[in-house]
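Colleague: Structure in structure tokens, see below.
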Amino acid sequence: MRYLKVLLLGFMAGVMIAFGGLTNVTLISRNLALAGNLLFVLGLLGICFFSFNLYTGKVGYVFNNKPAFLLDLLLMYIGNFIGSITIGYLIRVTSLYTLLDETIMSIVINKTNISGTNLLSLFILSLLCGILVFLSVELYKREIHPLFKVVGIFLFISCFVICGFEHCIANMFYFALSNSYFTYPLGSFLNLLIVTIGNSIGAILIYFIFYFIDYKKKL
């Protein structure tokens, strides 16, 4: 039952990221790109408020948990994938998709480019994204005024979206909405692999920096 709960909370996190991504794509299609970039943050705010399981928000704490946490992370990732692609494919069969077709294809075309230079770019952009997502989650866990938490998350997440950093769960949604899993399968899944690794390393790296700072404070 516990594993089912982990999976379902992961599913809901995927849904929330998909809603954030959908808001972003919809506003970009209406020439309101900045507003779309800013409102993407609604996805992570919902995840934090309702304690859903977002892989990129949890993986940074992998060394702060028992080995069994690795299974939890896998279930979260699977749940995130199912939740995000469910929304993506549902939107494809609605009238809304006709307004988003050109926009979403322009977004994914570079993401599915598997040239060597682009793979390096994907890794670096995903590593930076992992750092910002970890900082957002860590900020939310701190005992500070709720308003500061919301503002901090808004700034961190808006930064990664505006800068075009790569987030594996958001890309899961974008590839479903564009049907790239079938039209560009190799590029889509290779992107998810590289971006997942980059997000994970970024989050773990910043966790160890925090750990080192806290450790030095105790000496």
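The way I read the labels, and the way they are meant: chains A, B, ... in the order of the structure tokens, residue 1 as the first residue of every chain, and ligand 1 as the first ligand shown, with later ones counted on from there.
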With a distance cut-off of 9 Å and only C-alpha atoms, select the neighbouring residues of range 10-24 of chain A, excluding the residue or stretch itself and same-chain residues fewer than 2 positions from it, and output the selection as a count of residues only.
Modeller: 51
Colleague: Find the residues near range 103-114 of chain A: any atom within 9 Å, counting only C-alpha atoms, skip ones fewer than 2 places away on the same chain, and give them as a PyMOL selection string.
Modeller: chain A and resi 25-26+28-29+99-101+116-119+122+166+171+174-175+177-178+180+184-191
Colleague: Range 57-67 of chain A: which residues within 9 Å, counting only C-alpha atoms, same-chain residues fewer than 6 positions away excluded, as number ranges by chain?
Modeller: A: 73, 76, 130-131, 133-138, 199-208
Colleague: Go ahead and write the selection's residues with N, CA, C and O atoms as a short mmCIF file (atom, residue, chain, number, x, y, z; two decimals), in the first residue's frame.
Modeller:
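Heads up, here's the output in again11.cif:
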```
data_model
loop_
_atom_site.label_atom_id
_atom_site.label_comp_id
_atom_site.auth_asym_id
_atom_site.auth_seq_id
_atom_site.Cartn_x
_atom_site.Cartn_y
_atom_site.Cartn_z
N LEU A 73 12.17 6.48 -5.37
CA LEU A 73 12.50 7.39 -6.47
C LEU A 73 12.07 6.83 -7.82
O LEU A 73 11.54 7.56 -8.67
N MET A 76 8.35 7.17 -8.02
CA MET A 76 8.01 8.58 -8.26
C MET A 76 8.21 8.91 -9.74
O MET A 76 7.36 9.57 -10.36
N GLY A 130 18.34 21.26 -12.28
CA GLY A 130 18.31 20.44 -11.07
C GLY A 130 18.69 21.23 -9.83
O GLY A 130 18.11 21.06 -8.76
N ILE A 131 19.65 22.13 -9.99
CA ILE A 131 20.07 22.98 -8.87
C ILE A 131 18.93 23.89 -8.43
O ILE A 131 18.63 24.00 -7.24
N VAL A 133 15.65 23.58 -8.96
CA VAL A 133 14.51 22.84 -8.38
C VAL A 133 14.82 22.42 -6.95
O VAL A 133 13.98 22.53 -6.06
N PHE A 134 16.05 21.95 -6.72
CA PHE A 134 16.44 21.58 -5.35
C PHE A 134 16.35 22.78 -4.43
O PHE A 134 15.84 22.68 -3.30
N LEU A 135 16.85 23.93 -4.88
CA LEU A 135 16.79 25.13 -4.05
C LEU A 135 15.36 25.52 -3.73
O LEU A 135 15.05 25.95 -2.62
N SER A 136 14.46 25.34 -4.70
CA SER A 136 13.04 25.65 -4.47
C SER A 136 12.45 24.77 -3.39
O SER A 136 11.77 25.24 -2.47
N VAL A 137 12.72 23.47 -3.50
CA VAL A 137 12.17 22.52 -2.53
C VAL A 137 12.80 22.74 -1.15
O VAL A 137 12.11 22.71 -0.12
N GLU A 138 14.11 22.95 -1.13
CA GLU A 138 14.80 23.17 0.14
C GLU A 138 14.28 24.44 0.82
O GLU A 138 14.08 24.47 2.05
N ASN A 199 19.51 16.60 -14.23
CA ASN A 199 18.69 17.07 -13.11
C ASN A 199 19.13 16.42 -11.81
O ASN A 199 19.23 17.08 -10.77
N SER A 200 19.41 15.12 -11.87
CA SER A 200 19.78 14.37 -10.66
C SER A 200 21.13 14.84 -10.12
O SER A 200 21.28 15.08 -8.91
N ILE A 201 22.11 14.95 -11.00
CA ILE A 201 23.44 15.38 -10.57
C ILE A 201 23.40 16.79 -10.01
O ILE A 201 24.03 17.10 -8.99
N GLY A 202 22.65 17.68 -10.66
CA GLY A 202 22.54 19.06 -10.17
C GLY A 202 21.97 19.12 -8.78
O GLY A 202 22.48 19.84 -7.90
N ALA A 203 20.91 18.35 -8.54
CA ALA A 203 20.26 18.34 -7.23
C ALA A 203 21.18 17.74 -6.16
O ALA A 203 21.31 18.28 -5.05
N ILE A 204 21.84 16.63 -6.49
CA ILE A 204 22.72 15.97 -5.53
C ILE A 204 23.94 16.85 -5.23
O ILE A 204 24.40 16.93 -4.08
N LEU A 205 24.45 17.49 -6.25
CA LEU A 205 25.61 18.38 -6.08
C LEU A 205 25.30 19.50 -5.10
O LEU A 205 26.07 19.76 -4.17
N ILE A 206 24.17 20.16 -5.27
CA ILE A 206 23.84 21.28 -4.39
C ILE A 206 23.50 20.77 -2.99
O ILE A 206 23.76 21.46 -1.99
N TYR A 207 22.98 19.54 -2.89
CA TYR A 207 22.73 18.95 -1.57
C TYR A 207 24.05 18.82 -0.80
O TYR A 207 24.12 19.16 0.39
N PHE A 208 25.09 18.32 -1.47
CA PHE A 208 26.36 18.13 -0.79
C PHE A 208 27.01 19.46 -0.42
O PHE A 208 27.71 19.56 0.58
#
```
Colleague: Just the number, please: distance in Å from CA of Leu120 in chain A to CA of Val161 in chain A, one decimal.
Modeller: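 Those two atoms sit 18.7 Å apart.
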Colleague: If you run DSSP on the backbone, which residues of range 11-192 of chain A are helix (DSSP H, G or I), as an MDAnalysis selection string?
Modeller: chainID A and resid 11:29 33:39 42:50 55:64 69:92 97:111 116:141 146:162 168:177 180:183 185:192
Colleague: May I ask which of the residues A:Phe160, A:Tyr181, A:Phe69, A:Phe123 is the closest one to Leu193 in chain A, counting only C-alpha atoms?
Modeller: A:Phe123
Colleague: Find the distance between CA of Glu102 in chain A and CA of Cys159 in chain A and write it in Å to one decimal.
Modeller: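 Going from CA of Glu102 in chain A over to CA of Cys159 in chain A covers 24.4 Å.
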Colleague: Please indicate the distance in Å from CA of Ile213 in chain A to CA of Leu70 in chain A, rounded to one decimal place.
Modeller: 25.2 Å
